[in-house]
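Undergrad: Next up, structure33.cif (mmCIF, C-alpha atoms).
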data_work
loop_
_atom_site.label_atom_id
_atom_site.label_comp_id
_atom_site.auth_asym_id
_atom_site.auth_seq_id
_atom_site.Cartn_x
_atom_site.Cartn_y
_atom_site.Cartn_z
CA PRO H 1 -15.05 -3.50 4.56
CA LYS H 2 -16.91 -3.09 7.86
CA ALA H 3 -17.37 -6.11 10.07
CA ALA H 4 -20.74 -7.69 9.39
CA SER H 5 -23.32 -7.96 12.16
CA ASP H 6 -24.77 -11.31 13.22
CA SER H 7 -27.87 -10.58 11.15
CA ASP H 8 -25.69 -9.75 8.15
CA ASP H 9 -23.83 -13.05 8.61
CA ALA H 10 -27.09 -15.00 8.69
CA SER H 11 -28.54 -13.18 5.69
CA THR H 12 -25.29 -13.61 3.77
CA GLU H 13 -25.25 -17.35 4.43
CA ALA H 14 -28.87 -17.64 3.30
CA ALA H 15 -28.11 -15.57 0.20
CA ALA H 16 -25.05 -17.70 -0.61
CA LYS H 17 -27.07 -20.92 -0.45
CA ALA H 18 -29.84 -19.39 -2.56
CA VAL H 19 -27.38 -18.16 -5.18
CA ALA H 20 -25.68 -21.58 -5.30
CA ALA H 21 -28.99 -23.40 -5.78
CA ALA H 22 -30.07 -20.98 -8.53
CA PHE H 23 -26.74 -21.41 -10.34
CA VAL H 24 -26.79 -25.21 -10.18
CA ASP H 25 -30.45 -25.31 -11.25
CA ALA H 26 -29.79 -23.22 -14.34
CA GLN H 27 -26.23 -24.05 -15.36
CA VAL H 28 -25.13 -27.51 -14.21
CA THR H 29 -26.17 -30.78 -15.85
CA SER H 30 -24.81 -34.32 -15.65
CA GLY H 31 -21.40 -34.91 -17.18
CA MET H 32 -20.27 -31.31 -16.88
CA ARG H 33 -16.83 -30.03 -15.95
CA VAL H 34 -17.51 -27.08 -13.64
CA GLY H 35 -14.70 -24.59 -13.07
CA VAL H 36 -14.58 -23.21 -9.54
CA THR H 37 -12.76 -20.42 -7.76
CA SER H 38 -12.57 -20.26 -3.97
CA GLY H 39 -15.08 -18.42 -1.80
CA ALA H 40 -18.10 -18.94 0.44
CA VAL H 41 -20.67 -18.85 -2.37
CA VAL H 42 -18.71 -21.30 -4.53
CA SER H 43 -18.34 -23.57 -1.49
CA CYS H 44 -22.13 -23.64 -1.37
CA VAL H 45 -22.16 -24.52 -5.08
CA LEU H 46 -19.87 -27.49 -4.39
CA ALA H 47 -22.06 -28.63 -1.49
CA GLU H 48 -25.13 -28.35 -3.73
CA ILE H 49 -23.49 -30.37 -6.49
CA HIS H 50 -22.42 -33.06 -4.01
CA ALA H 51 -25.95 -33.30 -2.57
CA ARG H 52 -27.47 -33.71 -6.03
CA VAL H 53 -24.92 -36.33 -7.05
CA VAL H 54 -25.66 -38.29 -3.87
CA ASP H 55 -29.43 -38.25 -4.41
CA GLY H 56 -29.14 -39.00 -8.12
CA ARG H 57 -30.25 -35.68 -9.59
CA LEU H 58 -26.78 -35.23 -11.13
CA ARG H 59 -24.19 -37.72 -12.39
CA ASP H 60 -20.50 -37.47 -13.29
CA VAL H 61 -20.07 -33.79 -12.47
CA VAL H 62 -16.41 -32.83 -12.05
CA ALA H 63 -14.97 -29.74 -10.34
CA VAL H 64 -12.07 -28.01 -12.13
CA PRO H 65 -10.36 -25.77 -9.54
CA ALA H 66 -8.72 -22.48 -10.47
CA ASP H 67 -6.26 -22.66 -7.57
CA ALA H 68 -5.10 -24.84 -4.69
CA LEU H 69 -7.64 -23.42 -2.24
CA ALA H 70 -10.52 -24.13 -4.63
CA ALA H 71 -9.21 -27.70 -5.04
CA LYS H 72 -9.21 -28.15 -1.27
CA GLU H 73 -12.76 -26.80 -0.97
CA ALA H 74 -13.95 -29.18 -3.72
CA ALA H 75 -12.31 -32.15 -2.04
CA VAL H 76 -13.83 -31.24 1.34
CA ALA H 77 -17.26 -30.99 -0.32
CA GLY H 78 -16.81 -34.49 -1.74
CA VAL H 79 -16.87 -33.47 -5.41
CA THR H 80 -14.54 -35.22 -7.87
CA VAL H 81 -11.65 -32.94 -8.85
CA SER H 82 -9.91 -32.73 -12.22
CA PRO H 83 -7.00 -30.39 -13.11
CA PHE H 84 -7.46 -27.47 -15.49
CA LEU H 85 -3.99 -27.78 -17.02
CA LYS H 86 -3.17 -31.23 -18.37
CA ASN H 87 0.07 -32.68 -19.73
CA ASP H 88 -0.13 -33.10 -23.50
CA ASP H 89 3.12 -34.56 -24.82
CA GLY H 90 5.20 -32.55 -22.36
CA LYS H 91 3.19 -29.34 -22.65
CA LEU H 92 0.53 -28.13 -20.22
CA ARG H 93 -2.68 -27.36 -22.05
CA PRO H 94 -6.04 -26.11 -20.72
CA SER H 95 -8.81 -28.68 -20.42
CA THR H 96 -12.51 -28.21 -21.10
CA VAL H 97 -14.54 -26.10 -18.67
CA ASP H 98 -18.25 -26.09 -19.45
CA VAL H 99 -19.11 -23.34 -16.97
CA LEU H 100 -16.98 -21.38 -14.51
CA ALA H 101 -18.53 -20.56 -11.12
CA MET H 102 -16.66 -17.48 -9.98
CA GLN H 103 -17.01 -15.37 -6.85
CA PRO H 104 -15.74 -11.84 -7.56
CA ASP H 105 -14.72 -9.18 -5.05
CA GLU H 106 -16.80 -6.53 -6.80
CA LEU H 107 -19.13 -6.50 -9.78
CA VAL H 108 -21.21 -4.02 -11.71
CA VAL H 109 -23.85 -4.11 -14.41
CA ASN H 110 -22.99 -1.56 -17.09
CA CYS H 111 -25.51 0.63 -18.85
CA ASP H 112 -25.46 -1.73 -21.85
CA GLY H 113 -26.34 -4.69 -19.61
CA THR H 114 -22.89 -6.30 -19.65
CA VAL H 115 -21.38 -7.44 -16.36
CA ASP H 116 -17.77 -6.68 -15.36
CA ALA H 117 -15.99 -7.65 -12.16
CA VAL H 118 -12.77 -7.63 -10.15
CA PHE H 119 -11.31 -10.73 -8.52
CA GLY H 120 -8.12 -11.61 -6.65
CA ARG H 121 -8.03 -8.89 -4.00
CA SER H 122 -7.93 -11.27 -1.05
CA GLN H 123 -4.46 -12.28 0.13
CA ARG H 124 -5.47 -14.83 2.75
CA PRO H 125 -5.44 -17.72 3.36
CA VAL H 126 -3.32 -17.75 0.18
CA GLN H 127 -2.49 -15.34 -2.62
CA PRO H 128 -4.70 -15.77 -5.71
CA ASP H 129 -3.53 -17.65 -8.79
CA LEU H 130 -4.25 -14.86 -11.26
CA LEU H 131 -2.68 -16.65 -14.22
CA THR H 132 -4.69 -19.86 -13.96
CA THR H 133 -7.93 -18.08 -13.10
CA SER H 134 -7.54 -15.64 -16.01
CA ALA H 135 -6.80 -18.54 -18.36
CA MET H 136 -9.92 -20.33 -17.12
CA VAL H 137 -12.03 -17.21 -17.67
CA ALA H 138 -10.75 -17.09 -21.26
CA GLU H 139 -11.25 -20.82 -21.94
CA ALA H 140 -14.57 -21.49 -20.19
CA LYS H 141 -17.59 -21.92 -22.43
CA LYS H 142 -19.58 -19.81 -19.98
CA VAL H 143 -18.52 -17.55 -17.09
CA ALA H 144 -20.98 -17.12 -14.21
CA LEU H 145 -20.41 -14.55 -11.46
CA LEU H 146 -21.92 -15.43 -8.09
CA ALA H 147 -22.28 -12.72 -5.47
CA THR H 148 -23.88 -11.70 -2.20
CA HIS H 149 -21.42 -8.82 -1.72
CA SER H 150 -19.88 -6.15 -3.93
CA ASP H 151 -16.80 -4.32 -2.66
CA GLY H 152 -17.40 -5.77 0.80
CA ASN H 153 -20.96 -4.48 1.10
CA VAL H 154 -23.96 -6.77 1.49
CA ILE H 155 -26.19 -6.34 -1.55
CA ARG H 156 -29.43 -5.01 -0.08
CA ASP H 157 -30.82 -2.98 -2.96
CA TYR H 158 -30.33 -4.54 -6.36
CA LYS H 159 -30.83 -1.17 -8.10
CA HIS H 160 -27.42 0.02 -6.93
CA LEU H 161 -25.83 -2.41 -9.41
CA PHE H 162 -27.35 -0.54 -12.34
CA GLU H 163 -26.29 2.61 -14.11
CA PRO H 164 -29.45 4.60 -14.98
CA THR H 165 -30.48 4.11 -18.61
CA VAL H 166 -33.75 6.05 -18.74
CA THR H 167 -34.52 9.75 -18.77
CA VAL H 168 -35.77 10.88 -15.37
CA SER H 169 -35.93 14.12 -13.42
CA LYS H 170 -32.64 15.64 -12.27
CA ASP H 171 -33.42 14.90 -8.62
CA GLU H 172 -34.26 11.28 -9.38
CA ASN H 173 -31.19 10.93 -11.61
CA ASP H 174 -29.00 12.31 -8.81
CA ARG H 175 -30.57 9.83 -6.39
CA LEU H 176 -29.98 6.91 -8.74
CA ASN H 177 -26.42 8.01 -9.41
CA SER H 178 -25.76 8.13 -5.67
CA LEU H 179 -26.75 4.46 -5.49
CA PHE H 180 -24.59 3.40 -8.41
CA LEU H 181 -20.94 2.59 -7.65
CA PRO H 182 -18.85 2.12 -10.78
CA LEU H 183 -16.18 -0.56 -10.82
CA GLY H 184 -12.99 0.82 -9.33
CA GLY H 185 -10.55 0.55 -6.45
CA LYS H 186 -7.80 -2.10 -6.51
CA VAL H 187 -7.00 -4.23 -9.55
CA PRO H 188 -4.61 -7.14 -8.84
CA VAL H 189 -1.97 -7.65 -11.53
CA ALA H 190 0.42 -10.58 -11.96
CA MET H 191 3.81 -9.44 -13.27
CA ARG H 192 6.69 -11.51 -14.57
CA TYR H 193 9.51 -11.83 -12.07
CA GLU H 194 13.06 -12.80 -13.00
CA ASP H 195 15.01 -10.63 -10.61
CA LYS H 196 14.53 -7.52 -8.49
CA ASP H 197 16.11 -5.09 -10.96
CA LEU H 198 14.01 -6.22 -13.92
CA PHE H 199 10.83 -6.19 -11.86
CA GLU H 200 11.48 -2.62 -10.70
CA GLU H 201 12.06 -1.57 -14.30
CA LEU H 202 8.76 -3.13 -15.41
CA ALA H 203 6.90 -1.70 -12.41
CA GLU H 204 8.27 1.76 -13.23
CA GLU H 205 6.89 1.43 -16.77
CA LEU H 206 3.49 0.49 -15.36
CA ASP H 207 3.65 3.39 -12.94
CA ASP H 208 4.40 5.79 -15.81
CA VAL H 209 1.36 4.57 -17.80
CA PHE H 210 -1.03 5.18 -14.89
CA LEU H 211 0.72 8.22 -13.42
CA GLY H 212 -1.84 10.45 -11.68
CA ASP H 213 -4.59 7.86 -12.16
CA ALA H 214 -3.46 4.93 -9.99
CA GLU H 215 -0.62 3.90 -7.73
CA VAL H 216 1.41 0.70 -8.03
CA TRP H 217 1.59 -1.22 -4.74
CA ARG H 218 3.57 -4.44 -4.55
CA ARG H 219 2.16 -7.19 -2.37
CA GLY H 220 4.22 -8.51 0.49
CA ALA H 221 4.30 -11.98 1.98
CA GLU H 222 2.87 -10.34 5.13
CA LEU H 223 -0.46 -8.51 5.16
CA ASP H 224 0.92 -5.36 6.83
CA ALA H 225 3.61 -4.82 4.18
CA ASN H 226 4.20 -1.29 2.87
CA PRO H 227 3.40 -0.39 -0.79
CA ARG H 228 6.85 -1.66 -1.85
CA GLY H 229 6.16 -5.14 -0.50
CA GLY H 230 7.88 -4.67 2.84
CA LYS H 231 10.88 -6.72 3.86
CA ASN H 232 9.57 -9.85 2.14
CA PRO H 233 7.78 -9.05 -1.16
CA TYR H 234 5.53 -11.79 -2.49
CA VAL H 235 6.88 -14.09 -5.22
CA SER H 236 4.84 -17.02 -6.55
CA PRO H 237 5.83 -20.55 -5.41
CA ASP H 238 7.33 -21.27 -8.84
CA GLY H 239 9.35 -18.04 -8.66
CA ASN H 240 8.02 -16.78 -11.99
CA TYR H 241 5.79 -13.87 -11.04
CA THR H 242 4.80 -11.43 -8.33
CA ILE H 243 1.57 -9.54 -7.68
CA ILE H 244 1.00 -5.82 -7.55
CA ASP H 245 -2.20 -3.90 -6.84
CA LEU H 246 -3.05 -1.07 -9.18
CA VAL H 247 -4.87 1.26 -6.77
CA PHE H 248 -7.25 3.73 -8.43
CA ASN H 249 -7.44 6.43 -5.74
CA ASP H 250 -7.90 10.17 -6.00
CA PRO H 251 -4.63 11.56 -4.53
CA LEU H 252 -6.26 14.92 -3.78
CA GLU H 253 -8.60 13.34 -1.23
CA LYS H 254 -7.27 13.27 2.33
CA PRO H 255 -6.87 10.42 3.02
CA PRO H 256 -6.86 9.18 -0.59
CA LYS H 257 -10.00 7.25 -1.59
CA ARG H 258 -11.25 5.64 -4.78
CA TRP H 259 -12.16 7.88 -7.67
CA ARG H 260 -15.84 8.81 -7.84
CA ASP H 261 -15.72 7.72 -11.51
CA GLY H 262 -14.25 4.31 -10.61
CA PHE H 263 -11.45 3.68 -13.10
CA VAL H 264 -9.55 6.63 -14.54
CA LEU H 265 -7.09 6.62 -17.45
CA PHE H 266 -5.16 9.67 -18.66
CA GLY H 267 -7.26 11.78 -16.30
CA LYS H 268 -10.62 10.66 -17.71
CA LYS H 269 -13.24 8.11 -16.68
CA ALA H 270 -12.41 4.75 -18.23
CA SER H 271 -14.17 1.43 -18.69
CA ALA H 272 -12.81 -1.82 -17.28
CA SER H 273 -12.07 -2.97 -20.84
CA LYS H 274 -9.88 0.09 -21.46
CA ILE H 275 -7.95 -0.55 -18.25
CA ALA H 276 -7.48 -4.21 -19.21
CA ALA H 277 -6.23 -3.32 -22.68
CA GLU H 278 -3.78 -0.76 -21.29
CA LEU H 279 -2.47 -3.26 -18.73
CA LEU H 280 -1.83 -5.96 -21.31
CA SER H 281 0.09 -3.47 -23.47
CA VAL H 282 2.71 -3.13 -20.72
CA ASP H 283 5.68 -5.47 -20.93
CA GLY H 284 5.83 -7.89 -18.02
CA VAL H 285 2.09 -7.99 -17.24
CA ALA H 286 1.07 -11.65 -17.30
CA ALA H 287 -2.54 -11.44 -16.05
CA HIS H 288 -4.98 -9.15 -14.26
CA GLY H 289 -8.01 -9.46 -12.02
CA LEU H 290 -10.61 -7.95 -14.36
CA VAL H 291 -13.48 -9.99 -15.79
CA LEU H 292 -15.04 -8.40 -18.85
CA GLY H 293 -18.51 -9.24 -20.12
CA ALA H 294 -19.37 -12.28 -18.02
CA ASP H 295 -22.07 -14.46 -19.57
CA VAL H 296 -24.34 -14.43 -16.55
CA ALA H 297 -24.42 -13.30 -12.92
CA TYR H 298 -26.47 -14.55 -9.98
CA VAL H 299 -26.86 -11.93 -7.28
CA GLY H 300 -28.34 -12.68 -3.87
CA GLU H 301 -30.30 -9.68 -2.67
CA THR H 302 -31.32 -9.45 0.99
CA ARG H 303 -34.63 -7.63 1.25
CA ALA H 304 -35.61 -5.33 4.10
CA ASP H 305 -37.74 -8.08 5.66
CA GLY H 306 -34.76 -10.48 5.68
CA THR H 307 -35.95 -12.67 2.81
CA VAL H 308 -33.56 -13.47 -0.05
CA ALA H 309 -34.18 -13.04 -3.77
CA VAL H 310 -31.75 -14.26 -6.40
CA ARG H 311 -31.52 -12.17 -9.55
CA GLU H 312 -30.18 -13.63 -12.78
CA ILE H 313 -28.43 -11.07 -15.00
CA SER H 314 -27.56 -12.12 -18.53
#
How would this structure read if it were set down as structure tokens?
TA:
Amino acid sequence: PKAASDSDDASTEAAAKAVAAAFVDAQVTSGMRVGVTSGAVVSCVLAEIHARVVDGRLRDVVAVPADALAAKEAAVAGVTVSPFLKNDDGKLRPSTVDVLAMQPDELVVNCDGTVDAVFGRSQRPVQPDLLTTSAMVAEAKKVALLATHSDGNVIRDYKHLFEPTVTVSKDENDRLNSLFLPLGGKVPVAMRYEDKDLFEELAEELDDVFLGDAEVWRRGAELDANPRGGKNPYVSPDGNYTIIDLVFNDPLEKPPKRWRDGFVLFGKKASASKIAAELLSVDGVAAHGLVLGADVAYVGETRADGTVAVREIS
């Protein structure tokens, strides 16, 4: 993504606060357990919750973090923190999450009105906890996506999130299609890790499934690592899994860039749900960074005059 200008920074901050307020207004009530990922917009959600608890508008709202960074952000905001996984007679079991406030890397509204997203691309300040976040997405009573950016771009024209659904002239359809960017690019995948040889065997199987459609890049402990993870490939703190990026790029482009159709499977345009299903059919895949059919999304749109509008998509 390009570096944002000062005006973009200011508009993004305003949009983040507006999105947070809209989310808390509509989705958070006293006594709730609110799941949170990390991110600037979710940090604003935590600050908004804290402010409302302090002034008495909310009571007994608990933050349930999806990872260590989210837990730190909740603690800094002054919101009570409760773990997602709790010990139940020696077994860790998921606890209740009434609504999950999630900041994705990229999102799109499909032609049927459903909202899909990608999360987990960022590797700093820490690698994402794909397993816990995916489990929280599955367990939460409601999943809310909060965004001021999609694929690193400030959302300035809300229409670009929509795939055209009405019959229009060819010229107008071409214009609308040029604004619409289907979900694509990198999909983070957590893979089981027992030893180097087994991992390479599992990664080879994954590579075979997506041959010609996507490349398998292993994450390194350092940001500048090569696609094989460099000298120090990333392994989770518990030693149980590693992370690879499934990169959906057109290899015929020089340099390679994401497919115009977004996700591609067996040489044809594919939905996020098809990619998710194919991933989970591969032995060794423990979790992925795709969110399918979120319940609601709050999108902060920065208008041409600098004002912010928050759109609720459900």
Undergrad: Could you state the separation of CA of Asn232 (chain H) and CA of Gly184 (chain H) in Å, given to one decimal place?
TA: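 Atom-to-atom, CA of Asn232 (chain H) and CA of Gly184 (chain H) are spaced 27.5 Å apart.
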Undergrad: How many Å separate CA of Tyr234 (chain H) from CA of Glu200 (chain H)?
TA: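 If I compute the distance from CA of Tyr234 (chain H) to CA of Glu200 (chain H), I get 13.7 Å.
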Undergrad: Name every residue that the PyMOL selection byres ((chain H and resi 131) around 12) selects in this structure, writing the answer as a ChimeraX atom specification with chains first and numbers rising.
TA: /H:66-67,84-85,94,119-120,127-130,132-138,188-192,236,240-243,285-290
Undergrad: Mind writing the picked residues with C-alpha atoms as a PDB file, keeping the file's coordinate frame?
TA:
ATOM      1  CA  ALA H  66      -8.720 -22.480 -10.470  1.00  0.00           C
ATOM      2  CA  ASP H  67      -6.260 -22.660  -7.570  1.00  0.00           C
ATOM      3  CA  PHE H  84      -7.460 -27.470 -15.490  1.00  0.00           C
ATOM      4  CA  LEU H  85      -3.990 -27.780 -17.020  1.00  0.00           C
ATOM      5  CA  PRO H  94      -6.040 -26.110 -20.720  1.00  0.00           C
ATOM      6  CA  PHE H 119     -11.310 -10.730  -8.520  1.00  0.00           C
ATOM      7  CA  GLY H 120      -8.120 -11.610  -6.650  1.00  0.00           C
ATOM      8  CA  GLN H 127      -2.490 -15.340  -2.620  1.00  0.00           C
ATOM      9  CA  PRO H 128      -4.700 -15.770  -5.710  1.00  0.00           C
ATOM     10  CA  ASP H 129      -3.530 -17.650  -8.790  1.00  0.00           C
ATOM     11  CA  LEU H 130      -4.250 -14.860 -11.260  1.00  0.00           C
ATOM     12  CA  THR H 132      -4.690 -19.860 -13.960  1.00  0.00           C
ATOM     13  CA  THR H 133      -7.930 -18.080 -13.100  1.00  0.00           C
ATOM     14  CA  SER H 134      -7.540 -15.640 -16.010  1.00  0.00           C
ATOM     15  CA  ALA H 135      -6.800 -18.540 -18.360  1.00  0.00           C
ATOM     16  CA  MET H 136      -9.920 -20.330 -17.120  1.00  0.00           C
ATOM     17  CA  VAL H 137     -12.030 -17.210 -17.670  1.00  0.00           C
ATOM     18  CA  ALA H 138     -10.750 -17.090 -21.260  1.00  0.00           C
ATOM     19  CA  PRO H 188      -4.610  -7.140  -8.840  1.00  0.00           C
ATOM     20  CA  VAL H 189      -1.970  -7.650 -11.530  1.00  0.00           C
ATOM     21  CA  ALA H 190       0.420 -10.580 -11.960  1.00  0.00           C
ATOM     22  CA  MET H 191       3.810  -9.440 -13.270  1.00  0.00           C
ATOM     23  CA  ARG H 192       6.690 -11.510 -14.570  1.00  0.00           C
ATOM     24  CA  SER H 236       4.840 -17.020  -6.550  1.00  0.00           C
ATOM     25  CA  ASN H 240       8.020 -16.780 -11.990  1.00  0.00           C
ATOM     26  CA  TYR H 241       5.790 -13.870 -11.040  1.00  0.00           C
ATOM     27  CA  THR H 242       4.800 -11.430  -8.330  1.00  0.00           C
ATOM     28  CA  ILE H 243       1.570  -9.540  -7.680  1.00  0.00           C
ATOM     29  CA  VAL H 285       2.090  -7.990 -17.240  1.00  0.00           C
ATOM     30  CA  ALA H 286       1.070 -11.650 -17.300  1.00  0.00           C
ATOM     31  CA  ALA H 287      -2.540 -11.440 -16.050  1.00  0.00           C
ATOM     32  CA  HIS H 288      -4.980  -9.150 -14.260  1.00  0.00           C
ATOM     33  CA  GLY H 289      -8.010  -9.460 -12.020  1.00  0.00           C
ATOM     34  CA  LEU H 290     -10.610  -7.950 -14.360  1.00  0.00           C
TER      35      LEU H 290
END
Undergrad: Out of H:Ser11, H:Lys86, H:Val291, H:Ser95, which residue has the shortest atom-to-atom distance to Ser271 (chain H) when counting all atoms listed in the file?
TA: H:Val291
Undergrad: Tell me which residues the PyMOL selection byres ((chain H and resi 26-41) around 6) grabs here, as an MDAnalysis selection string.
TA: chainID H and resid 16 23:25 42:44 58:66 70 97:102
Undergrad: Scan for residues within 12 Å of the point (-4.9, 1.6, -12.2) in the coordinates of the file, using all atoms listed in the file, and reply as a ChimeraX atom specification.
TA: /H:183-189,206-217,244-250,258-259,262-267,269-272,274-279,288-290
Undergrad: Go ahead and compute the interatomic distance for CA of Glu312 (chain H) and CA of Val109 (chain H), in Å to one decimal.
TA: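 Taking CA of Glu312 (chain H) and CA of Val109 (chain H), their separation equals 11.5 Å.
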Undergrad: So which residues fall inside 8 Å of (-9.5, -21.8, 3.9) if we count only C-alpha atoms? Mind giving them as a ChimeraX atom specification?
TA: /H:69,73,125
Undergrad: Running the PyMOL selection byres ((chain H and resi 296) around 8) on this model by hand, what would come out? Give it as a short mmCIF file (atom, residue, chain, number, x, y, z; two decimals) with C-alpha atoms, keeping the file's coordinate frame.
TA:
data_model
loop_
_atom_site.label_atom_id
_atom_site.label_comp_id
_atom_site.auth_asym_id
_atom_site.auth_seq_id
_atom_site.Cartn_x
_atom_site.Cartn_y
_atom_site.Cartn_z
CA VAL H 115 -21.38 -7.44 -16.36
CA LYS H 142 -19.58 -19.81 -19.98
CA VAL H 143 -18.52 -17.55 -17.09
CA ALA H 144 -20.98 -17.12 -14.21
CA LEU H 145 -20.41 -14.55 -11.46
CA ALA H 294 -19.37 -12.28 -18.02
CA ASP H 295 -22.07 -14.46 -19.57
CA ALA H 297 -24.42 -13.30 -12.92
CA TYR H 298 -26.47 -14.55 -9.98
CA GLU H 312 -30.18 -13.63 -12.78
CA ILE H 313 -28.43 -11.07 -15.00
CA SER H 314 -27.56 -12.12 -18.53
#
Undergrad: Which is closer to Arg124 (chain H) than all the others in H:Pro233, H:Gly220, H:Gly78, H:Pro227, using only C-alpha atoms?
TA: H:Gly220
Undergrad: Take every atom of region 257-272 of chain H listed in the file, pad by 8 Å on each side, and give me the axis-aligned box centre and edge lengths in Å, one decimal, as lines of an AutoDock Vina configuration file.
TA:
center_x = -10.5
center_y = 5.0
center_z = -10.1
size_x = 26.7
size_y = 29.6
size_z = 33.1
Undergrad: In terms of the shortest atom-to-atom distance over all atoms listed in the file, which of H:Leu198, H:Asp238, H:Gly90, H:Ala77 is closest to Ala51 (chain H)?
TA: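 So, comparing all the options, the nearest one is H:Ala77.
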Undergrad: Point out the residue among H:Glu106, H:Glu204, H:Asp55, H:Glu194 with the least atom-to-atom distance to Val282 (chain H), counting all atoms listed in the file.
TA: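 Among the listed residues, the smallest separation from Val282 (chain H) belongs to H:Glu204.
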